[in-house]
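final-v3.tsv (TSV, C-alpha atoms)
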```
chain	number	residue	atom	x	y	z
H	1	MET	CA	19.17	6.35	-14.57
H	2	SER	CA	22.62	6.29	-13.00
H	3	THR	CA	25.24	4.01	-14.53
H	4	ALA	CA	26.15	2.56	-11.14
H	5	ALA	CA	22.58	1.35	-10.65
H	6	SER	CA	22.24	-0.04	-14.19
H	7	LYS	CA	22.08	-3.74	-14.90
H	8	VAL	CA	22.45	-5.37	-18.29
H	9	ILE	CA	19.44	-7.22	-19.71
H	10	ASN	CA	20.12	-9.29	-22.80
H	11	PHE	CA	17.53	-11.13	-24.86
H	12	ARG	CA	17.01	-12.43	-28.35
H	13	ALA	CA	14.14	-11.39	-30.58
H	14	PRO	CA	12.94	-12.75	-33.91
H	15	ALA	CA	13.83	-10.46	-36.82
H	16	ALA	CA	10.18	-9.51	-37.46
H	17	LYS	CA	9.68	-8.41	-33.86
H	18	GLN	CA	12.94	-6.48	-33.87
H	19	ALA	CA	11.87	-4.71	-37.08
H	20	LEU	CA	8.52	-3.82	-35.50
H	21	ILE	CA	10.25	-2.49	-32.38
H	22	ASP	CA	12.78	-0.53	-34.45
H	23	HIS	CA	10.00	1.03	-36.52
H	24	ALA	CA	8.18	2.09	-33.35
H	25	VAL	CA	11.47	3.42	-31.95
H	26	GLU	CA	11.90	5.63	-35.03
H	27	VAL	CA	8.36	6.96	-34.73
H	28	SER	CA	8.64	7.56	-30.98
H	29	GLY	CA	11.91	9.47	-31.15
H	30	MET	CA	13.36	7.39	-28.32
H	31	ASN	CA	16.31	5.06	-28.53
H	32	ARG	CA	15.69	1.32	-28.49
H	33	THR	CA	16.69	0.87	-24.85
H	34	GLU	CA	14.40	3.65	-23.63
H	35	PHE	CA	11.53	2.38	-25.75
H	36	ILE	CA	11.84	-1.24	-24.61
H	37	LEU	CA	12.30	-0.30	-20.95
H	38	ASP	CA	9.26	1.99	-21.04
H	39	ALA	CA	7.13	-0.67	-22.74
H	40	VAL	CA	8.25	-3.46	-20.42
H	41	CYS	CA	7.80	-1.35	-17.29
H	42	GLU	CA	4.32	-0.31	-18.43
H	43	LYS	CA	3.40	-3.99	-18.91
H	44	ALA	CA	4.94	-4.88	-15.53
H	45	ARG	CA	2.86	-2.19	-13.79
H	46	GLU	CA	-0.25	-3.51	-15.55
H	47	VAL	CA	0.45	-7.08	-14.42
H	48	LEU	CA	1.15	-6.00	-10.85
H	49	ALA	CA	-1.75	-3.53	-10.57
H	50	ASP	CA	-4.15	-6.13	-9.22
H	51	GLN	CA	-1.58	-7.85	-7.04
H	52	THR	CA	-2.02	-5.66	-3.98
H	53	ARG	CA	-1.00	-7.30	-0.74
H	54	PHE	CA	-2.65	-6.36	2.50
H	55	ALA	CA	-2.43	-7.90	5.95
H	56	LEU	CA	-5.41	-8.51	8.22
H	57	SER	CA	-5.74	-9.85	11.71
H	58	GLN	CA	-7.88	-12.97	12.14
H	59	GLN	CA	-10.78	-10.80	13.33
H	60	GLN	CA	-10.41	-8.38	10.41
H	61	LEU	CA	-10.26	-11.29	7.96
H	62	GLN	CA	-13.45	-12.78	9.38
H	63	ARG	CA	-15.22	-9.39	9.09
H	64	PHE	CA	-13.90	-8.96	5.54
H	65	ASN	CA	-15.24	-12.40	4.56
H	66	VAL	CA	-18.63	-11.61	6.12
H	67	LEU	CA	-18.82	-8.44	4.03
H	68	LEU	CA	-17.82	-10.31	0.87
H	69	ASP	CA	-20.42	-13.02	1.48
H	70	ALA	CA	-23.25	-10.60	2.33
H	71	PRO	CA	-25.90	-10.07	-0.34
H	72	LEU	CA	-25.79	-6.80	-2.21
H	73	GLU	CA	-28.21	-4.12	-1.13
H	74	SER	CA	-30.82	-3.22	-3.72
H	75	ASN	CA	-29.12	-0.60	-5.85
H	76	ALA	CA	-30.43	0.52	-9.25
H	77	ALA	CA	-27.01	1.65	-10.46
H	78	ILE	CA	-25.42	-1.72	-9.63
H	79	ARG	CA	-28.31	-3.58	-11.32
H	80	ARG	CA	-27.86	-1.45	-14.46
H	81	LEU	CA	-24.11	-1.98	-14.44
H	82	LEU	CA	-24.35	-5.72	-13.98
H	83	SER	CA	-27.03	-6.11	-16.65
H	84	THR	CA	-25.19	-4.06	-19.30
H	85	PRO	CA	-23.06	-6.16	-21.69
H	86	ALA	CA	-19.38	-5.32	-21.82
H	87	PRO	CA	-18.28	-3.49	-24.97
H	88	TRP	CA	-16.48	-6.60	-26.27
H	89	GLU	CA	-19.67	-8.66	-25.90
H	90	HIS	CA	-21.55	-6.70	-28.59
```
Take the structure I supplied and represent it as structure tokens, if you would.
Amino acid sequence: MSTAASKVINFRAPAAKQALIDHAVEVSGMNRTEFILDAVCEKAREVLADQTRFALSQQQLQRFNVLLDAPLESNAAIRRLLSTPAPWEH
């Protein structure tokens, strides 16, 4: 990252969280800044992953809604998938 493009981010952290971060920093071999930036950017990508924006014309939007509202075709794989409990439900 170039210094000209860098911005300063300051924040406070409770001592226990800082100790946890510092321990992970030691294990990772990164410095604290790299570690925190990587972790925060990974979380940001995760949060934004489902926030895809797409533009549709009125006609395209109507067609899209028709497709969403249409009943599912009979599909054994979909029935199996939808009837299988999620791993965290066991």
In Å and to one decimal, atom CA of H:Val25 is distant from atom CA of H:Cys41 by 15.8 Å
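From atom CA of H:Ala4 back to atom CA of H:Ala39, the distance works out to 22.5 Å.
Our summary of the geometry notes that atom CA of H:Phe64 is positioned 20.9 Å from atom CA of H:Ala49.
The shortest atom-to-atom distance to H:Asp22, with all atoms listed in the file taken into account, belongs to H:Ile36 out of H:Val8, H:Gln51, H:Ile36, H:Val66.
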Which protein, DNA or RNA residues have an atom at most 10 Å from (12.6, -1.1, -27.0), counting all atoms listed in the file? List them as a list in words.
Gln18, Leu20, Ile21, Asp22, Ala24, Val25, Met30, Asn31, Arg32, Thr33, Glu34, Phe35, Ile36, Leu37, Asp38, Ala39 and Val40 of chain H
